[in-house]
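data18.tsv, holding TSV, C-alpha atoms:
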chain	number	residue	atom	x	y	z
A	1	MET	CA	-34.68	12.69	124.51
A	2	SER	CA	-32.50	13.76	121.58
A	3	LEU	CA	-29.11	12.71	120.23
A	4	SER	CA	-26.24	15.09	119.44
A	5	TRP	CA	-24.42	12.49	117.33
A	6	PRO	CA	-27.15	10.22	115.91
A	7	TRP	CA	-24.71	8.71	113.41
A	8	ALA	CA	-22.88	7.17	116.39
A	9	LEU	CA	-25.76	4.70	116.69
A	10	LEU	CA	-23.65	2.54	114.38
A	11	ALA	CA	-21.65	1.66	117.51
A	12	LEU	CA	-24.61	-0.46	118.62
A	13	LEU	CA	-23.89	-2.88	115.78
A	14	VAL	CA	-21.11	-4.35	117.92
A	15	VAL	CA	-23.75	-6.24	119.96
A	16	PRO	CA	-25.31	-8.23	117.09
A	17	LEU	CA	-21.80	-8.82	115.69
A	18	LEU	CA	-20.74	-10.36	119.00
A	19	LEU	CA	-23.86	-12.53	119.06
A	20	VAL	CA	-23.08	-13.77	115.54
A	21	ALA	CA	-19.46	-14.46	116.54
A	22	ARG	CA	-20.61	-16.40	119.61
A	23	TRP	CA	-23.01	-18.46	117.52
A	24	TRP	CA	-20.27	-19.24	114.97
A	25	MET	CA	-17.79	-20.27	117.69
A	26	ASN	CA	-20.36	-22.55	119.32
A	27	ARG	CA	-21.03	-24.15	115.97
A	28	ARG	CA	-17.33	-24.78	115.36
A	29	ARG	CA	-16.98	-26.20	118.86
A	30	LYS	CA	-19.74	-28.73	118.17
A	31	ARG	CA	-18.05	-29.84	114.96
A	32	SER	CA	-14.75	-30.43	116.70
A	33	ALA	CA	-16.28	-32.19	119.69
A	34	VAL	CA	-14.45	-35.33	120.82
A	35	THR	CA	-16.44	-38.55	121.11
A	36	VAL	CA	-16.05	-40.13	124.50
A	37	SER	CA	-17.23	-43.40	125.89
A	38	SER	CA	-19.09	-41.97	128.87
A	39	VAL	CA	-20.63	-38.49	129.00
A	40	ALA	CA	-21.77	-39.12	132.55
A	41	LEU	CA	-18.16	-39.30	133.74
A	42	ILE	CA	-17.38	-35.88	132.19
A	43	ARG	CA	-20.48	-34.29	133.69
A	44	ALA	CA	-19.52	-35.64	137.09
A	45	ALA	CA	-16.06	-34.15	136.75
A	46	LEU	CA	-17.33	-30.65	135.81
A	47	PRO	CA	-18.70	-28.25	138.44
A	48	GLY	CA	-22.47	-28.00	138.38
A	49	ARG	CA	-23.81	-24.81	136.74
A	50	SER	CA	-27.40	-24.05	135.78
A	51	SER	CA	-28.37	-22.57	132.40
A	52	TRP	CA	-29.33	-19.19	133.84
A	53	LYS	CA	-25.88	-18.83	135.36
A	54	ARG	CA	-24.47	-19.20	131.89
A	55	ARG	CA	-26.85	-16.70	130.31
A	56	VAL	CA	-27.08	-13.91	132.91
A	57	PRO	CA	-23.42	-12.77	132.64
A	58	VAL	CA	-23.67	-12.72	128.86
A	59	TRP	CA	-26.84	-10.63	128.81
A	60	LEU	CA	-25.50	-8.23	131.43
A	61	PHE	CA	-22.34	-7.74	129.41
A	62	LEU	CA	-24.31	-7.14	126.21
A	63	ALA	CA	-26.63	-4.70	127.99
A	64	GLY	CA	-23.57	-2.82	129.19
A	65	LEU	CA	-22.28	-2.61	125.63
A	66	LEU	CA	-25.64	-1.28	124.45
A	67	ALA	CA	-25.59	1.43	127.14
A	68	LEU	CA	-22.02	2.39	126.21
A	69	GLY	CA	-22.97	2.49	122.55
A	70	ALA	CA	-25.93	4.75	123.32
A	71	GLY	CA	-23.66	6.97	125.38
A	72	VAL	CA	-21.42	7.53	122.35
A	73	THR	CA	-24.35	9.31	120.66
A	74	ARG	CA	-24.25	12.01	123.38
A	75	PRO	CA	-27.94	11.81	124.38
A	76	GLU	CA	-29.66	14.91	125.70
A	77	ALA	CA	-32.72	15.08	127.93
A	78	THR	CA	-35.05	18.08	128.16
A	79	VAL	CA	-35.52	18.88	131.83
A	80	GLN	CA	-36.80	21.76	133.91
A	81	VAL	CA	-33.95	23.54	135.66
A	82	PRO	CA	-33.77	26.71	137.80
A	83	SER	CA	-32.98	29.81	135.79
A	84	ASN	CA	-30.25	32.10	137.06
A	85	ASN	CA	-31.07	34.93	134.64
A	86	THR	CA	-34.81	35.25	135.08
A	87	SER	CA	-36.51	38.60	134.65
A	88	ILE	CA	-40.16	39.17	135.54
A	89	LEU	CA	-42.23	41.94	134.00
A	90	LEU	CA	-45.04	42.70	136.44
A	91	ALA	CA	-47.89	44.47	134.61
A	92	ILE	CA	-50.45	45.93	137.01
A	93	ASP	CA	-53.88	47.17	135.99
A	94	VAL	CA	-54.54	50.74	137.24
A	95	SER	CA	-57.88	51.25	135.52
A	96	GLY	CA	-60.66	53.06	137.41
A	97	SER	CA	-62.32	49.78	138.41
A	98	MET	CA	-59.34	49.11	140.68
A	99	CYS	CA	-61.03	51.56	143.06
A	100	SER	CA	-63.74	48.98	143.71
A	101	THR	CA	-64.19	48.23	147.41
A	102	ASP	CA	-65.39	44.64	146.95
A	103	VAL	CA	-61.89	43.83	148.24
A	104	ASP	CA	-61.23	45.81	151.42
A	105	PRO	CA	-60.14	48.62	151.40
A	106	ASN	CA	-60.02	48.61	147.56
A	107	ARG	CA	-58.53	46.48	144.82
A	108	LEU	CA	-55.61	48.79	144.08
A	109	THR	CA	-54.45	48.93	147.70
A	110	VAL	CA	-54.53	45.15	148.02
A	111	ALA	CA	-52.83	44.63	144.65
A	112	THR	CA	-50.00	47.04	145.37
A	113	GLU	CA	-49.41	45.56	148.82
A	114	ALA	CA	-49.25	42.05	147.36
A	115	ALA	CA	-46.86	43.30	144.65
A	116	ARG	CA	-44.57	44.79	147.31
A	117	ASN	CA	-44.44	41.50	149.21
A	118	PHE	CA	-43.80	39.61	145.97
A	119	ILE	CA	-40.83	41.85	145.13
A	120	LYS	CA	-39.35	41.60	148.62
A	121	GLN	CA	-39.49	37.80	148.60
A	122	GLN	CA	-37.57	37.35	145.33
A	123	THR	CA	-33.92	36.33	145.41
A	124	ASP	CA	-31.41	39.15	145.03
A	125	GLY	CA	-30.39	38.04	141.52
A	126	THR	CA	-33.91	38.17	140.06
A	127	ARG	CA	-34.60	41.12	137.80
A	128	ILE	CA	-38.09	42.58	138.02
A	129	GLY	CA	-39.64	45.23	135.81
A	130	LEU	CA	-42.86	47.18	136.40
A	131	VAL	CA	-45.49	48.07	133.80
A	132	ALA	CA	-48.66	50.00	134.65
A	133	PHE	CA	-51.61	50.06	132.29
A	134	SER	CA	-55.04	51.62	132.02
A	135	GLY	CA	-56.10	53.10	128.65
A	136	ILE	CA	-52.41	53.01	127.72
A	137	ALA	CA	-49.44	51.02	129.03
A	138	GLY	CA	-46.11	52.38	130.22
A	139	LEU	CA	-42.86	50.95	131.51
A	140	LEU	CA	-42.28	52.48	134.93
A	141	VAL	CA	-39.16	50.49	135.86
A	142	PRO	CA	-37.02	48.44	133.43
A	143	PRO	CA	-35.97	45.00	134.71
A	144	THR	CA	-33.73	45.63	137.70
A	145	THR	CA	-32.52	44.03	140.91
A	146	ASP	CA	-33.10	47.28	142.84
A	147	LYS	CA	-36.09	46.37	145.01
A	148	ASP	CA	-36.31	49.84	146.57
A	149	GLN	CA	-36.73	51.44	143.14
A	150	LEU	CA	-39.54	49.01	142.32
A	151	ILE	CA	-41.37	49.57	145.60
A	152	ASP	CA	-41.07	53.36	145.24
A	153	ALA	CA	-42.62	53.09	141.76
A	154	ILE	CA	-45.50	50.97	143.08
A	155	ASP	CA	-46.24	53.63	145.69
A	156	THR	CA	-46.83	56.17	142.89
A	157	LEU	CA	-49.43	54.13	140.96
A	158	LYS	CA	-52.56	56.13	140.09
A	159	THR	CA	-55.77	55.05	138.43
A	160	ALA	CA	-56.93	56.20	134.99
A	161	ARG	CA	-59.65	55.35	132.48
A	162	GLY	CA	-59.56	52.34	130.14
A	163	THR	CA	-57.96	48.89	130.21
A	164	ALA	CA	-55.31	48.01	127.62
A	165	ILE	CA	-54.27	44.47	128.49
A	166	GLY	CA	-52.89	43.71	125.04
A	167	GLN	CA	-50.77	46.85	125.01
A	168	ALA	CA	-49.39	45.94	128.45
A	169	ILE	CA	-48.18	42.61	127.04
A	170	LEU	CA	-46.52	44.31	124.05
A	171	THR	CA	-44.86	46.91	126.30
A	172	SER	CA	-43.52	44.11	128.49
A	173	ILE	CA	-42.12	42.27	125.46
A	174	ASP	CA	-40.24	45.40	124.36
A	175	ALA	CA	-38.84	45.82	127.88
A	176	ILE	CA	-37.55	42.24	127.81
A	177	ALA	CA	-36.04	42.75	124.34
A	178	GLU	CA	-33.92	45.60	125.66
A	179	HIS	CA	-31.76	43.23	127.72
A	180	ASN	CA	-32.36	39.82	126.10
A	181	PRO	CA	-30.94	39.65	122.55
A	182	ASN	CA	-32.89	36.43	121.92
A	183	VAL	CA	-36.19	38.29	122.17
A	184	ALA	CA	-37.12	40.52	119.23
A	185	LYS	CA	-39.04	43.74	119.72
A	186	THR	CA	-42.70	43.80	118.77
A	187	GLY	CA	-42.05	45.74	115.57
A	188	VAL	CA	-39.70	43.09	114.18
A	189	ASP	CA	-41.08	40.68	111.57
A	190	LEU	CA	-40.34	37.12	112.65
A	191	GLY	CA	-41.44	35.62	109.34
A	192	ASP	CA	-43.63	32.57	109.07
A	193	ALA	CA	-41.90	30.50	111.76
A	194	ALA	CA	-44.36	28.77	114.05
A	195	PRO	CA	-43.98	29.45	117.78
A	196	GLY	CA	-43.26	25.79	118.50
A	197	THR	CA	-40.20	25.77	116.25
A	198	LEU	CA	-38.30	28.58	117.87
A	199	GLY	CA	-36.69	26.72	120.76
A	200	GLU	CA	-37.42	26.48	124.46
A	201	TYR	CA	-39.06	29.17	126.57
A	202	GLN	CA	-37.07	32.27	127.39
A	203	PRO	CA	-36.22	32.74	131.07
A	204	ASP	CA	-38.04	36.10	130.96
A	205	THR	CA	-41.69	36.05	131.97
A	206	ILE	CA	-44.64	38.44	131.95
A	207	VAL	CA	-47.19	38.55	134.79
A	208	VAL	CA	-50.41	40.47	134.07
A	209	LEU	CA	-52.65	41.40	137.00
A	210	THR	CA	-56.04	42.82	135.97
A	211	ASP	CA	-59.56	43.14	137.30
A	212	GLY	CA	-61.40	43.66	134.03
A	213	SER	CA	-61.46	43.14	130.30
A	214	ASN	CA	-59.64	44.81	127.43
A	215	THR	CA	-61.40	48.03	126.36
A	216	THR	CA	-58.86	49.66	124.07
A	217	GLY	CA	-55.83	48.96	121.95
A	218	VAL	CA	-54.63	45.62	120.60
A	219	ASP	CA	-56.54	42.45	121.45
A	220	PRO	CA	-54.88	40.50	124.32
A	221	VAL	CA	-54.85	37.21	122.38
A	222	THR	CA	-53.16	38.94	119.42
A	223	ALA	CA	-50.52	40.32	121.79
A	224	ALA	CA	-50.15	36.85	123.32
A	225	GLU	CA	-49.37	35.43	119.88
A	226	GLN	CA	-46.52	37.94	119.65
A	227	ALA	CA	-45.21	36.73	123.00
A	228	ALA	CA	-45.58	33.08	121.99
A	229	ALA	CA	-43.62	33.70	118.78
A	230	ARG	CA	-40.78	34.97	120.96
A	231	ARG	CA	-41.14	32.06	123.41
A	232	VAL	CA	-42.04	34.42	126.26
A	233	ARG	CA	-44.61	33.04	128.70
A	234	VAL	CA	-47.42	35.19	130.04
A	235	PHE	CA	-49.06	34.39	133.38
A	236	THR	CA	-52.39	36.12	133.95
A	237	ILE	CA	-54.19	36.90	137.20
A	238	GLY	CA	-57.86	37.87	137.37
A	239	PHE	CA	-58.44	39.86	140.55
A	240	GLY	CA	-61.68	40.86	142.26
A	241	THR	CA	-65.18	39.54	142.82
A	242	THR	CA	-68.30	39.77	140.67
A	243	GLU	CA	-70.24	41.65	143.34
A	244	PRO	CA	-71.04	45.34	142.67
A	245	ALA	CA	-69.40	47.63	145.20
A	246	PRO	CA	-68.74	51.36	145.66
A	247	MET	CA	-65.60	52.68	144.01
A	248	VAL	CA	-63.48	54.55	146.51
A	249	CYS	CA	-59.82	55.44	146.07
A	250	THR	CA	-57.72	57.84	148.08
A	251	ALA	CA	-56.69	61.17	146.59
A	252	GLU	CA	-53.16	59.78	146.10
A	253	GLN	CA	-54.50	56.86	144.05
A	254	VAL	CA	-56.63	58.86	141.63
A	255	GLY	CA	-55.06	60.11	138.41
A	256	ALA	CA	-55.82	63.45	136.78
A	257	ASP	CA	-57.95	62.00	133.99
A	258	GLN	CA	-60.07	59.81	136.27
A	259	PHE	CA	-62.63	62.61	136.57
A	260	GLY	CA	-63.23	62.88	132.81
A	261	MET	CA	-66.48	64.53	131.70
A	262	GLY	CA	-66.88	66.09	135.14
A	263	ARG	CA	-68.15	62.96	136.84
A	264	GLY	CA	-67.15	61.71	140.28
A	265	GLY	CA	-65.96	63.58	143.33
A	266	PHE	CA	-64.31	63.38	146.70
A	267	PRO	CA	-66.93	62.35	149.24
A	268	GLY	CA	-66.38	62.93	152.92
A	269	GLY	CA	-62.98	61.53	153.75
A	270	GLY	CA	-61.25	62.45	150.50
A	271	GLY	CA	-61.94	59.24	148.59
A	272	PHE	CA	-63.06	58.88	145.01
A	273	GLY	CA	-66.73	58.01	144.76
A	274	GLY	CA	-68.33	55.77	142.17
A	275	ARG	CA	-71.64	56.37	140.40
A	276	GLY	CA	-74.77	55.49	142.31
A	277	ALA	CA	-75.21	54.12	145.79
A	278	GLY	CA	-74.33	50.61	144.80
A	279	GLY	CA	-71.27	51.52	142.76
A	280	ARG	CA	-70.30	49.44	139.70
A	281	TYR	CA	-67.93	46.69	138.72
A	282	GLN	CA	-66.30	45.43	135.56
A	283	GLU	CA	-66.52	41.72	134.90
A	284	ILE	CA	-63.23	39.92	134.37
A	285	ASP	CA	-62.76	38.51	130.88
A	286	GLU	CA	-61.57	35.13	132.10
A	287	ASP	CA	-61.82	33.54	128.66
A	288	ALA	CA	-59.36	36.04	127.20
A	289	LEU	CA	-56.98	35.73	130.14
A	290	GLN	CA	-57.09	31.94	129.87
A	291	LYS	CA	-56.39	32.10	126.13
A	292	VAL	CA	-53.45	34.44	126.71
A	293	ALA	CA	-51.92	32.01	129.20
A	294	ASP	CA	-52.60	28.95	127.04
A	295	THR	CA	-51.18	30.59	123.91
A	296	THR	CA	-47.88	31.44	125.58
A	297	GLY	CA	-47.41	28.38	127.80
A	298	GLY	CA	-48.24	30.25	131.00
A	299	ARG	CA	-51.11	29.79	133.45
A	300	TYR	CA	-54.21	31.70	134.47
A	301	PHE	CA	-54.99	32.31	138.15
A	302	ARG	CA	-58.10	33.66	139.85
A	303	ALA	CA	-57.95	35.65	143.08
A	304	GLU	CA	-61.02	37.14	144.78
A	305	ASP	CA	-59.47	38.54	147.94
A	306	SER	CA	-56.20	39.57	149.53
A	307	ASP	CA	-55.23	36.12	150.79
A	308	GLN	CA	-55.85	34.46	147.43
A	309	LEU	CA	-53.83	37.11	145.60
A	310	VAL	CA	-50.91	36.71	148.00
A	311	ASP	CA	-51.03	32.93	147.56
A	312	VAL	CA	-51.01	33.26	143.77
A	313	LEU	CA	-48.03	35.60	143.76
A	314	ASN	CA	-46.18	33.41	146.26
A	315	ASP	CA	-46.69	30.38	144.02
A	316	LEU	CA	-45.48	32.14	140.89
A	317	PRO	CA	-41.71	31.70	141.55
A	318	ARG	CA	-42.13	27.93	141.35
A	319	GLU	CA	-43.75	28.36	137.95
A	320	ILE	CA	-41.51	31.14	136.65
A	321	GLY	CA	-38.20	30.03	138.17
A	322	LEU	CA	-38.04	26.85	136.06
A	323	HIS	CA	-37.45	26.64	132.35
A	324	LYS	CA	-36.83	23.80	129.97
A	325	GLN	CA	-33.25	23.12	128.99
A	326	LYS	CA	-31.42	20.35	127.17
A	327	VAL	CA	-28.92	18.60	129.43
A	328	GLU	CA	-26.43	16.03	128.16
A	329	VAL	CA	-26.82	12.73	130.01
A	330	THR	CA	-23.91	10.83	128.43
A	331	VAL	CA	-22.26	10.25	131.77
A	332	TRP	CA	-25.27	8.29	133.08
A	333	PHE	CA	-25.25	5.98	130.06
A	334	VAL	CA	-21.50	5.41	130.48
A	335	LEU	CA	-21.84	4.69	134.19
A	336	ALA	CA	-24.70	2.26	133.56
A	337	GLY	CA	-22.79	0.56	130.75
A	338	VAL	CA	-19.62	0.12	132.79
A	339	LEU	CA	-21.57	-1.17	135.79
A	340	LEU	CA	-23.50	-3.72	133.72
A	341	ALA	CA	-20.43	-4.92	131.81
A	342	PHE	CA	-18.28	-5.33	134.91
A	343	THR	CA	-21.12	-7.07	136.74
A	344	GLY	CA	-21.44	-9.53	133.86
A	345	VAL	CA	-17.69	-10.22	133.83
A	346	PHE	CA	-17.56	-10.61	137.60
A	347	LEU	CA	-20.48	-13.06	137.71
A	348	SER	CA	-19.01	-15.05	134.84
A	349	LEU	CA	-15.67	-15.41	136.64
A	350	TRP	CA	-17.34	-16.14	139.97
A	351	TRP	CA	-19.69	-18.81	138.68
A	352	ASN	CA	-17.03	-20.43	136.47
A	353	ARG	CA	-14.38	-20.69	139.14
A	354	GLY	CA	-13.01	-24.23	139.65
A	355	PRO	CA	-13.76	-26.43	142.65
A	356	ARG	CA	-11.82	-25.78	145.83
A	357	ARG	CA	-8.77	-27.91	146.27
A	358	LEU	CA	-8.93	-30.24	149.21
A	359	PRO	CA	-5.92	-30.12	151.53
A	360	SER	CA	-3.56	-32.98	150.74
A	361	ALA	CA	-3.24	-35.69	153.36
A	362	ARG	CA	0.17	-35.99	154.92
Rewrite the structure of this file - the entire thing - as structure tokens.
Amino acid sequence: MSLSWPWALLALLVVPLLLVARWWMNRRRKRSAVTVSSVALIRAALPGRSSWKRRVPVWLFLAGLLALGAGVTRPEATVQVPSNNTSILLAIDVSGSMCSTDVDPNRLTVATEAARNFIKQQTDGTRIGLVAFSGIAGLLVPPTTDKDQLIDAIDTLKTARGTAIGQAILTSIDAIAEHNPNVAKTGVDLGDAAPGTLGEYQPDTIVVLTDGSNTTGVDPVTAAEQAAARRVRVFTIGFGTTEPAPMVCTAEQVGADQFGMGRGGFPGGGGFGGRGAGGRYQEIDEDALQKVADTTGGRYFRAEDSDQLVDVLNDLPREIGLHKQKVEVTVWFVLAGVLLAFTGVFLSLWWNRGPRRLPSAR
């Protein structure tokens, strides 16, 4: 809770001033009291009223004044609200380990299918961008609402050597900066300002899906610090199991440099074969992915099969679609103040009304 006009708190002084005035008037009334011969006769003539009936209206009225005085300060509450200008940069790992068949038929096929479903399920106003990364990272589609363009780009993904998670984050930041003037590009010096002092999170979000660990380029945590300084959240997804499995991709999924140094081949049905009968796997660097998420205010997810990956991507809109925003709540203070004050006045009039007049005898 914050106040737009904190100096208006002086309005709350009206409550203690009224209490002082009431005390002074009661004191004067006692001094000018008239001495009577029988107090019992006066008490009998007055309508009976308990002490709490005298106090409740006063305290309700004063509470109403306090609420009205607080409303004058224009209080603001930080709440999570849906964002209508969200853009999501989906960074997909296309390193050679995505050919692993520990997830049937292979990791890349399952990941691309889940990405297609994720894109189709987003609302029409949501902008989505696509980044692919292996040893380098490239922006395939800038943030757009054209779902067909995104799906066509996903269908062209090919594997290559290396895994540059950090570079994928930096490439995504630059893509966001192209359309969001509040996000500086990665080459811009932001000075010494701490991430926590630069305002609320941007509505733009980065989602990194990878099955391995960073092998080249900038460190992922260093890249995450750049995102945090720009208040851009990064959600990370670790995909795949820890079980060794053959690496088999279709000819359409294998990039030109995947066969570097003359290794590999197309066994039987045209797939890309891994080394050895048991194949190989690359262990996910969960510590780094967790640090990336924690540094930027995002979350880390783990998915070992197709169903888990689909569930993670389906849950992301609830995480991404909300961002913190300051909302003025003056109207609620005013409504509460008016309600309390009028209730106090009403009860005071009701409980202080005179006795009913008896019908005169004719």
* **Shell around Pro57 in chain A at 7 Å using only C-alpha atoms, local window under 2 positions removed, as a list in words** => Arg54, Arg55, Trp59, Leu60, Phe61, Gly344, Val345, Leu347 and Ser348 of chain A
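CA of Leu89 in chain A lies 18.1 Å from CA of Leu108 in chain A.
Comparing A:Val338, A:Ile320, A:Val183, A:Ala223 by their smallest distance to Lys291 in chain A, the closest is A:Ala223 (using only C-alpha atoms).
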* d(CA of Lys158 in chain A, CA of Glu225 in chain A) in Å -> 29.1 Å
* To do: Find the residues with any atom within 10 Å of (-41.8, 49.0, 142.0); use all atoms listed in the file and the coordinates as given in the file, and write the answer as a ChimeraX atom specification.
  => /A:90,112,115-116,119,128-131,140-142,144,146-157
